[in-house]
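Dumped work31.txt below, it's compact mmCIF, N, CA and C atoms:
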# COMPACT_ATOMS: atom_id res chain seq x y z
N MET A 224 0.84 -1.17 0.00
CA MET A 224 0.00 0.00 0.00
C MET A 224 0.90 1.24 0.00
N GLU A 225 0.59 2.18 -0.82
CA GLU A 225 1.35 3.43 -0.90
C GLU A 225 1.07 4.29 0.33
N PRO A 226 2.01 5.17 0.72
CA PRO A 226 1.82 6.02 1.89
C PRO A 226 0.51 6.80 1.88
N SER A 227 0.17 7.39 0.74
CA SER A 227 -1.07 8.18 0.69
C SER A 227 -2.30 7.29 0.86
N GLN A 228 -2.23 6.06 0.34
CA GLN A 228 -3.34 5.12 0.50
C GLN A 228 -3.50 4.71 1.96
N THR A 229 -2.39 4.49 2.64
CA THR A 229 -2.43 4.05 4.03
C THR A 229 -3.10 5.10 4.90
N SER A 230 -2.64 6.35 4.80
CA SER A 230 -3.23 7.39 5.65
C SER A 230 -4.66 7.69 5.24
N GLY A 231 -4.98 7.59 3.94
CA GLY A 231 -6.35 7.80 3.49
C GLY A 231 -7.28 6.72 3.99
N PHE A 232 -6.82 5.48 3.94
CA PHE A 232 -7.61 4.34 4.39
C PHE A 232 -7.92 4.44 5.88
N CYS A 233 -6.98 4.96 6.67
CA CYS A 233 -7.13 4.99 8.13
C CYS A 233 -7.55 6.36 8.66
N LYS A 234 -7.87 7.31 7.79
CA LYS A 234 -8.07 8.70 8.23
C LYS A 234 -9.16 8.87 9.29
N ASP A 235 -10.18 8.05 9.29
CA ASP A 235 -11.26 8.18 10.27
C ASP A 235 -11.14 7.21 11.44
N TYR A 236 -10.07 6.44 11.43
CA TYR A 236 -9.88 5.43 12.49
C TYR A 236 -9.35 6.09 13.76
N LYS A 237 -9.84 5.62 14.89
CA LYS A 237 -9.35 6.08 16.20
C LYS A 237 -9.05 4.84 17.02
N GLY A 238 -7.84 4.77 17.57
CA GLY A 238 -7.49 3.63 18.40
C GLY A 238 -6.13 3.08 18.08
N PHE A 239 -5.94 1.84 18.47
CA PHE A 239 -4.66 1.17 18.27
C PHE A 239 -4.68 0.42 16.94
N LEU A 240 -3.57 0.50 16.24
CA LEU A 240 -3.39 -0.19 14.99
C LEU A 240 -2.26 -1.20 15.19
N VAL A 241 -2.60 -2.48 15.28
CA VAL A 241 -1.60 -3.52 15.51
C VAL A 241 -1.05 -3.95 14.15
N THR A 242 0.28 -3.77 13.99
CA THR A 242 0.88 -3.96 12.68
C THR A 242 2.22 -4.71 12.79
N ASP A 243 2.76 -5.04 11.61
CA ASP A 243 4.14 -5.50 11.55
C ASP A 243 5.02 -4.23 11.59
N SER A 244 6.25 -4.34 11.25
CA SER A 244 7.12 -3.17 11.38
C SER A 244 7.21 -2.33 10.11
N PHE A 245 6.26 -2.47 9.21
CA PHE A 245 6.23 -1.68 7.98
C PHE A 245 6.22 -0.19 8.35
N GLU A 246 7.18 0.53 7.84
CA GLU A 246 7.41 1.93 8.23
C GLU A 246 6.18 2.81 8.04
N GLN A 247 5.39 2.55 7.01
CA GLN A 247 4.22 3.40 6.75
C GLN A 247 3.26 3.42 7.94
N TYR A 248 3.14 2.31 8.64
CA TYR A 248 2.26 2.28 9.79
C TYR A 248 2.80 3.15 10.92
N HIS A 249 4.10 3.19 11.06
CA HIS A 249 4.69 4.03 12.10
C HIS A 249 4.49 5.51 11.79
N LEU A 250 4.42 5.83 10.52
CA LEU A 250 4.16 7.22 10.14
C LEU A 250 2.72 7.62 10.43
N LEU A 251 1.81 6.64 10.44
CA LEU A 251 0.41 6.95 10.69
C LEU A 251 0.18 7.58 12.05
N ASP A 252 0.83 7.03 13.08
CA ASP A 252 0.57 7.61 14.40
C ASP A 252 1.22 8.98 14.56
N LYS A 253 2.07 9.36 13.62
CA LYS A 253 2.60 10.73 13.60
C LYS A 253 1.65 11.65 12.84
N LYS A 254 1.01 11.12 11.79
CA LYS A 254 0.13 11.93 10.95
C LYS A 254 -1.30 12.00 11.49
N LEU A 255 -1.75 10.94 12.11
CA LEU A 255 -3.14 10.86 12.58
C LEU A 255 -3.16 10.87 14.11
N PRO A 256 -3.64 11.94 14.70
CA PRO A 256 -3.54 12.09 16.16
C PRO A 256 -4.29 11.06 16.99
N ASP A 257 -5.30 10.42 16.42
CA ASP A 257 -6.08 9.45 17.18
C ASP A 257 -5.67 8.00 16.94
N VAL A 258 -4.54 7.81 16.22
CA VAL A 258 -4.06 6.47 15.92
C VAL A 258 -2.75 6.22 16.67
N THR A 259 -2.67 5.08 17.33
CA THR A 259 -1.44 4.66 18.00
C THR A 259 -1.02 3.34 17.38
N ASN A 260 0.19 3.31 16.82
CA ASN A 260 0.71 2.08 16.24
C ASN A 260 1.22 1.18 17.36
N ALA A 261 0.85 -0.08 17.29
CA ALA A 261 1.33 -1.07 18.25
C ALA A 261 1.87 -2.25 17.44
N ASN A 262 3.14 -2.54 17.59
CA ASN A 262 3.73 -3.64 16.85
C ASN A 262 3.13 -4.97 17.29
N CYS A 263 3.01 -5.87 16.36
CA CYS A 263 2.44 -7.19 16.57
C CYS A 263 3.39 -8.05 17.40
N TRP A 264 2.88 -8.70 18.44
CA TRP A 264 3.71 -9.55 19.29
C TRP A 264 4.28 -10.72 18.52
N THR A 265 3.51 -11.28 17.60
CA THR A 265 4.00 -12.42 16.83
C THR A 265 5.20 -12.03 15.98
N HIS A 266 5.11 -10.88 15.32
CA HIS A 266 6.25 -10.40 14.55
C HIS A 266 7.44 -10.09 15.47
N ALA A 267 7.15 -9.51 16.60
CA ALA A 267 8.22 -9.12 17.52
C ALA A 267 8.98 -10.33 18.06
N ARG A 268 8.28 -11.38 18.36
CA ARG A 268 8.95 -12.54 18.96
C ARG A 268 9.65 -13.42 17.94
N ARG A 269 9.31 -13.26 16.66
CA ARG A 269 9.86 -14.13 15.62
C ARG A 269 11.39 -14.12 15.58
N ALA A 270 12.00 -12.96 15.64
CA ALA A 270 13.46 -12.88 15.57
C ALA A 270 14.11 -13.58 16.77
N PHE A 271 13.50 -13.46 17.93
CA PHE A 271 14.05 -14.11 19.12
C PHE A 271 13.88 -15.62 19.03
N THR A 272 12.79 -16.08 18.45
CA THR A 272 12.58 -17.50 18.22
C THR A 272 13.66 -18.03 17.28
N ASP A 273 13.96 -17.27 16.24
CA ASP A 273 15.01 -17.68 15.30
C ASP A 273 16.36 -17.82 16.00
N VAL A 274 16.66 -16.90 16.90
CA VAL A 274 17.94 -16.96 17.62
C VAL A 274 18.00 -18.22 18.48
N VAL A 275 16.93 -18.52 19.20
CA VAL A 275 16.91 -19.70 20.05
C VAL A 275 17.01 -20.97 19.20
N LYS A 276 16.34 -21.00 18.05
CA LYS A 276 16.39 -22.17 17.18
C LYS A 276 17.81 -22.46 16.69
N THR A 277 18.59 -21.40 16.46
CA THR A 277 19.94 -21.59 15.93
C THR A 277 21.00 -21.75 17.02
N ALA A 278 20.59 -21.63 18.27
CA ALA A 278 21.55 -21.74 19.37
C ALA A 278 22.05 -23.18 19.51
N ASP A 279 23.20 -23.31 20.10
CA ASP A 279 23.82 -24.62 20.33
C ASP A 279 23.03 -25.37 21.40
N LYS A 280 22.28 -26.38 20.98
CA LYS A 280 21.41 -27.12 21.91
C LYS A 280 22.20 -27.99 22.88
N ARG A 281 23.48 -28.19 22.60
CA ARG A 281 24.29 -29.00 23.52
C ARG A 281 24.53 -28.26 24.83
N ASP A 282 24.38 -26.94 24.81
CA ASP A 282 24.56 -26.14 26.02
C ASP A 282 23.21 -25.51 26.38
N SER A 283 22.31 -26.33 26.90
CA SER A 283 20.95 -25.86 27.19
C SER A 283 20.92 -24.75 28.24
N GLN A 284 21.88 -24.75 29.15
CA GLN A 284 21.94 -23.69 30.16
C GLN A 284 22.25 -22.34 29.49
N ALA A 285 23.15 -22.34 28.53
CA ALA A 285 23.48 -21.10 27.81
C ALA A 285 22.26 -20.61 27.03
N VAL A 286 21.51 -21.53 26.45
CA VAL A 286 20.29 -21.14 25.72
C VAL A 286 19.31 -20.49 26.68
N ARG A 287 19.07 -21.13 27.83
CA ARG A 287 18.12 -20.59 28.82
C ARG A 287 18.59 -19.26 29.40
N ASN A 288 19.88 -19.02 29.43
CA ASN A 288 20.40 -17.76 29.95
C ASN A 288 20.47 -16.66 28.89
N SER A 289 20.23 -17.01 27.65
CA SER A 289 20.33 -16.02 26.58
C SER A 289 19.21 -14.99 26.67
N VAL A 290 19.50 -13.80 26.21
CA VAL A 290 18.50 -12.73 26.19
C VAL A 290 17.30 -13.15 25.35
N ALA A 291 17.55 -13.78 24.21
CA ALA A 291 16.46 -14.20 23.32
C ALA A 291 15.49 -15.15 24.03
N TYR A 292 16.03 -16.13 24.72
CA TYR A 292 15.19 -17.09 25.44
C TYR A 292 14.40 -16.39 26.55
N GLN A 293 15.05 -15.50 27.27
CA GLN A 293 14.39 -14.78 28.35
C GLN A 293 13.28 -13.87 27.83
N VAL A 294 13.51 -13.25 26.68
CA VAL A 294 12.46 -12.42 26.07
C VAL A 294 11.25 -13.29 25.73
N LEU A 295 11.49 -14.44 25.14
CA LEU A 295 10.39 -15.35 24.80
C LEU A 295 9.63 -15.82 26.04
N GLN A 296 10.34 -16.08 27.11
CA GLN A 296 9.69 -16.50 28.35
C GLN A 296 8.81 -15.38 28.91
N LYS A 297 9.29 -14.16 28.85
CA LYS A 297 8.51 -13.02 29.35
C LYS A 297 7.25 -12.82 28.53
N ILE A 298 7.38 -12.96 27.20
CA ILE A 298 6.20 -12.83 26.35
C ILE A 298 5.20 -13.94 26.67
N ALA A 299 5.69 -15.14 26.91
CA ALA A 299 4.80 -16.26 27.28
C ALA A 299 4.07 -15.96 28.59
N ASP A 300 4.72 -15.21 29.48
CA ASP A 300 4.09 -14.87 30.76
C ASP A 300 2.79 -14.11 30.58
N PHE A 301 2.67 -13.32 29.51
CA PHE A 301 1.38 -12.64 29.31
C PHE A 301 0.58 -13.23 28.14
N TYR A 302 1.19 -13.99 27.27
CA TYR A 302 0.43 -14.71 26.24
C TYR A 302 -0.48 -15.75 26.88
N ASN A 303 0.07 -16.52 27.80
CA ASN A 303 -0.69 -17.62 28.39
C ASN A 303 -1.96 -17.16 29.11
N PRO A 304 -1.90 -16.16 29.98
CA PRO A 304 -3.15 -15.70 30.60
C PRO A 304 -4.12 -15.12 29.58
N ASP A 305 -3.61 -14.51 28.52
CA ASP A 305 -4.49 -13.93 27.50
C ASP A 305 -5.28 -15.01 26.78
N ILE A 306 -4.67 -16.15 26.56
CA ILE A 306 -5.36 -17.27 25.89
C ILE A 306 -6.57 -17.70 26.73
N GLU A 307 -6.43 -17.66 28.04
CA GLU A 307 -7.53 -18.05 28.93
C GLU A 307 -8.71 -17.08 28.86
N LEU A 308 -8.49 -15.88 28.33
CA LEU A 308 -9.55 -14.87 28.25
C LEU A 308 -10.32 -14.90 26.93
N GLU A 309 -9.95 -15.80 26.02
CA GLU A 309 -10.51 -15.80 24.67
C GLU A 309 -12.03 -15.88 24.61
N GLY A 310 -12.67 -16.55 25.50
CA GLY A 310 -14.12 -16.72 25.43
C GLY A 310 -14.93 -15.56 25.98
N LEU A 311 -14.26 -14.58 26.55
CA LEU A 311 -14.98 -13.47 27.18
C LEU A 311 -15.41 -12.42 26.15
N LEU A 312 -16.45 -11.69 26.49
CA LEU A 312 -16.86 -10.55 25.66
C LEU A 312 -15.75 -9.50 25.71
N SER A 313 -15.66 -8.68 24.69
CA SER A 313 -14.53 -7.76 24.55
C SER A 313 -14.36 -6.83 25.76
N GLU A 314 -15.46 -6.33 26.33
CA GLU A 314 -15.35 -5.43 27.48
C GLU A 314 -14.76 -6.15 28.69
N LYS A 315 -15.23 -7.36 28.93
CA LYS A 315 -14.75 -8.16 30.06
C LYS A 315 -13.30 -8.58 29.82
N ARG A 316 -12.98 -8.92 28.59
CA ARG A 316 -11.62 -9.31 28.26
C ARG A 316 -10.66 -8.15 28.49
N LEU A 317 -11.06 -6.96 28.07
CA LEU A 317 -10.22 -5.78 28.29
C LEU A 317 -10.02 -5.54 29.78
N GLN A 318 -11.08 -5.66 30.56
CA GLN A 318 -10.98 -5.48 32.01
C GLN A 318 -9.99 -6.48 32.61
N LYS A 319 -10.11 -7.74 32.24
CA LYS A 319 -9.22 -8.77 32.76
C LYS A 319 -7.78 -8.56 32.30
N ARG A 320 -7.61 -8.11 31.06
CA ARG A 320 -6.26 -7.80 30.58
C ARG A 320 -5.64 -6.70 31.43
N GLN A 321 -6.43 -5.70 31.75
CA GLN A 321 -5.92 -4.61 32.58
C GLN A 321 -5.54 -5.12 33.97
N GLU A 322 -6.35 -6.00 34.51
CA GLU A 322 -6.11 -6.52 35.86
C GLU A 322 -4.93 -7.50 35.91
N VAL A 323 -4.84 -8.39 34.93
CA VAL A 323 -3.91 -9.50 34.99
C VAL A 323 -2.64 -9.27 34.18
N ILE A 324 -2.77 -8.73 33.00
CA ILE A 324 -1.66 -8.72 32.04
C ILE A 324 -0.93 -7.39 31.97
N ARG A 325 -1.61 -6.31 32.21
CA ARG A 325 -1.01 -4.99 32.02
C ARG A 325 0.32 -4.83 32.76
N SER A 326 0.38 -5.20 34.01
CA SER A 326 1.62 -5.02 34.78
C SER A 326 2.76 -5.88 34.21
N LEU A 327 2.42 -7.06 33.68
CA LEU A 327 3.44 -7.92 33.07
C LEU A 327 4.02 -7.27 31.81
N VAL A 328 3.16 -6.66 31.01
CA VAL A 328 3.61 -6.00 29.79
C VAL A 328 4.44 -4.77 30.14
N GLU A 329 3.98 -3.99 31.11
CA GLU A 329 4.74 -2.80 31.52
C GLU A 329 6.12 -3.18 32.04
N GLU A 330 6.19 -4.23 32.83
CA GLU A 330 7.47 -4.73 33.35
C GLU A 330 8.37 -5.18 32.20
N PHE A 331 7.77 -5.83 31.21
CA PHE A 331 8.51 -6.27 30.04
C PHE A 331 9.15 -5.09 29.32
N PHE A 332 8.39 -4.03 29.10
CA PHE A 332 8.93 -2.86 28.40
C PHE A 332 10.03 -2.17 29.19
N VAL A 333 9.90 -2.12 30.50
CA VAL A 333 10.96 -1.55 31.33
C VAL A 333 12.24 -2.34 31.13
N ARG A 334 12.14 -3.66 31.14
CA ARG A 334 13.31 -4.53 30.97
C ARG A 334 13.93 -4.38 29.58
N VAL A 335 13.11 -4.34 28.55
CA VAL A 335 13.62 -4.20 27.18
C VAL A 335 14.33 -2.86 27.02
N LYS A 336 13.74 -1.79 27.54
CA LYS A 336 14.39 -0.48 27.44
C LYS A 336 15.73 -0.47 28.18
N GLN A 337 15.78 -1.16 29.31
CA GLN A 337 17.02 -1.28 30.05
C GLN A 337 18.06 -2.04 29.24
N GLN A 338 17.64 -3.13 28.61
CA GLN A 338 18.56 -3.92 27.79
C GLN A 338 19.06 -3.12 26.59
N VAL A 339 18.18 -2.34 25.98
CA VAL A 339 18.60 -1.51 24.84
C VAL A 339 19.63 -0.48 25.31
N ALA A 340 19.39 0.13 26.46
CA ALA A 340 20.32 1.14 26.98
C ALA A 340 21.68 0.53 27.31
N GLU A 341 21.69 -0.71 27.77
CA GLU A 341 22.93 -1.37 28.17
C GLU A 341 23.58 -2.16 27.04
N CYS A 342 22.93 -2.23 25.90
CA CYS A 342 23.35 -3.10 24.81
C CYS A 342 24.73 -2.75 24.27
N THR A 343 25.54 -3.78 24.11
CA THR A 343 26.85 -3.60 23.51
C THR A 343 26.91 -4.22 22.12
N VAL A 344 25.76 -4.70 21.64
CA VAL A 344 25.68 -5.28 20.31
C VAL A 344 25.60 -4.14 19.30
N PRO A 345 26.32 -4.24 18.19
CA PRO A 345 26.25 -3.17 17.19
C PRO A 345 24.80 -2.90 16.77
N PRO A 346 24.37 -1.65 16.78
CA PRO A 346 22.96 -1.32 16.55
C PRO A 346 22.45 -1.65 15.14
N LYS A 347 23.33 -1.80 14.18
CA LYS A 347 22.89 -2.10 12.81
C LYS A 347 22.69 -3.60 12.57
N THR A 348 23.10 -4.44 13.54
CA THR A 348 22.91 -5.88 13.38
C THR A 348 21.47 -6.24 13.75
N ARG A 349 21.04 -7.43 13.32
CA ARG A 349 19.67 -7.86 13.65
C ARG A 349 19.48 -7.94 15.16
N ALA A 350 20.46 -8.48 15.85
CA ALA A 350 20.37 -8.58 17.32
C ALA A 350 20.29 -7.21 17.97
N GLY A 351 20.93 -6.23 17.38
CA GLY A 351 20.89 -4.88 17.92
C GLY A 351 19.60 -4.16 17.58
N GLN A 352 18.94 -4.55 16.49
CA GLN A 352 17.73 -3.87 16.05
C GLN A 352 16.46 -4.46 16.66
N GLU A 353 16.43 -5.75 16.89
CA GLU A 353 15.19 -6.40 17.32
C GLU A 353 14.59 -5.85 18.62
N PRO A 354 15.37 -5.59 19.67
CA PRO A 354 14.74 -5.04 20.87
C PRO A 354 14.06 -3.71 20.61
N ASN A 355 14.57 -2.94 19.66
CA ASN A 355 13.95 -1.65 19.33
C ASN A 355 12.57 -1.83 18.70
N PHE A 356 12.31 -2.99 18.12
CA PHE A 356 10.99 -3.28 17.55
C PHE A 356 9.92 -3.11 18.62
N PHE A 357 10.24 -3.51 19.83
CA PHE A 357 9.26 -3.43 20.92
C PHE A 357 8.98 -2.01 21.37
N ILE A 358 9.98 -1.16 21.30
CA ILE A 358 9.82 0.16 21.90
C ILE A 358 9.62 1.28 20.90
N ASN A 359 9.67 0.98 19.63
CA ASN A 359 9.44 2.02 18.61
C ASN A 359 8.04 1.94 18.05
Represent the structure of the file as structure tokens.
Amino acid sequence: MEPSQTSGFCKDYKGFLVTDSFEQYHLLDKKLPDVTNANCWTHARRAFTDVVKTADKRDSQAVRNSVAYQVLQKIADFYNPDIELEGLLSEKRLQKRQEVIRSLVEEFFVRVKQQVAECTVPPKTRAGQEPNFFIN
């Protein structure tokens, strides 16, 4: 979709827009005051899953201690309770998400921002870019 098509298509939308990391979506929340871009958790976790898949399985302790594995575990901490809410009406589900999951997600973002600030991985590498997917 071309940039003009994207903003035209969403011009009357108000709320969160859950997307992949396509740059045009990130521009929308700058152009449209009532739109907030939220990156998709599935897209966000994919790179970390790839890292764990390619890790040396002979050293399972090193895999479990890796940042990628820990990120995936943290995401699972709020994915799992969310699955249990699937049968609820949207209002009740939102309420339960606020009660149960919100603090887990907020804690996750604090940790990711801390890791980005402390990161010694070159920022242009995939490992250096992926944590920014969560916070941009």
One decimal place gives the CA of Lys237 (chain A)-atom C of Cys263 (chain A) separation as 19.1 Å
Report the residues of region 248-349 of chain A whose backbone DSSP state falls under helix (DSSP H, G or I), written as a ChimeraX atom specification.
/A:248-254,264-277,283-288,290-307,313-341,349
For this session: Go ahead and find all residues with at least one atom no further than 12 Å from (6.3, -13.3, 34.3) in the file's coordinates, using only C-alpha atoms; report them as a VMD selection string.
Result: chain A and resid 293 to 304 323 to 331 334
As a check of understanding: the span from CA of Gln338 (chain A) to CA of Asp252 (chain A) is 25.2 Å
Set the distance at 7 Å and use all atoms listed in the file: which residues neighbour Thr259 (chain A) once local chain neighbours fewer than 3 positions away are removed? I'd like the list as number ranges by chain. A: 237-241, 251-252, 255-256
Output N, CA and C atoms of each residue in that selection to a file, as an mmCIF file, in the frame of the given file.
data_model
loop_
_atom_site.group_PDB
_atom_site.id
_atom_site.type_symbol
_atom_site.label_atom_id
_atom_site.label_comp_id
_atom_site.auth_asym_id
_atom_site.auth_seq_id
_atom_site.Cartn_x
_atom_site.Cartn_y
_atom_site.Cartn_z
ATOM 1 N N LYS A 237 -9.840 5.620 14.890
ATOM 2 C CA LYS A 237 -9.350 6.080 16.200
ATOM 3 C C LYS A 237 -9.050 4.840 17.020
ATOM 4 N N GLY A 238 -7.840 4.770 17.570
ATOM 5 C CA GLY A 238 -7.490 3.630 18.400
ATOM 6 C C GLY A 238 -6.130 3.080 18.080
ATOM 7 N N PHE A 239 -5.940 1.840 18.470
ATOM 8 C CA PHE A 239 -4.660 1.170 18.270
ATOM 9 C C PHE A 239 -4.680 0.420 16.940
ATOM 10 N N LEU A 240 -3.570 0.500 16.240
ATOM 11 C CA LEU A 240 -3.390 -0.190 14.990
ATOM 12 C C LEU A 240 -2.260 -1.200 15.190
ATOM 13 N N VAL A 241 -2.600 -2.480 15.280
ATOM 14 C CA VAL A 241 -1.600 -3.520 15.510
ATOM 15 C C VAL A 241 -1.050 -3.950 14.150
ATOM 16 N N LEU A 251 1.810 6.640 10.440
ATOM 17 C CA LEU A 251 0.410 6.950 10.690
ATOM 18 C C LEU A 251 0.180 7.580 12.050
ATOM 19 N N ASP A 252 0.830 7.030 13.080
ATOM 20 C CA ASP A 252 0.570 7.610 14.400
ATOM 21 C C ASP A 252 1.220 8.980 14.560
ATOM 22 N N LEU A 255 -1.750 10.940 12.110
ATOM 23 C CA LEU A 255 -3.140 10.860 12.580
ATOM 24 C C LEU A 255 -3.160 10.870 14.110
ATOM 25 N N PRO A 256 -3.640 11.940 14.700
ATOM 26 C CA PRO A 256 -3.540 12.090 16.160
ATOM 27 C C PRO A 256 -4.290 11.060 16.990
#
Q. In Å to one decimal, how far is atom N of Thr265 (chain A) from atom N of Thr242 (chain A)?
A.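 So the answer is 8.9 Å.
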field: Counting only N, CA and C atoms, the option among A:Tyr248, A:Gln321, A:Tyr292, A:Asp243 closest to Phe271 (chain A)
entry: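 Of the candidates, the smallest distance to Phe271 (chain A) is held by A:Tyr292.
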Could you pull out the residues in region 229-334 of chain A that DSSP calls strand (DSSP E or B) from the backbone, as a ChimeraX atom specification?
/A:238-242,258-262
- Message: Residues proximal to (-7.1, -13.1, 30.4) were defined as those with any atom within 7 Å of that point in the file's coordinates, counting only C-alpha atoms. Which are they, as an MDAnalysis selection string?
- Response: chainID A and resid 304:308 316 319:320 323
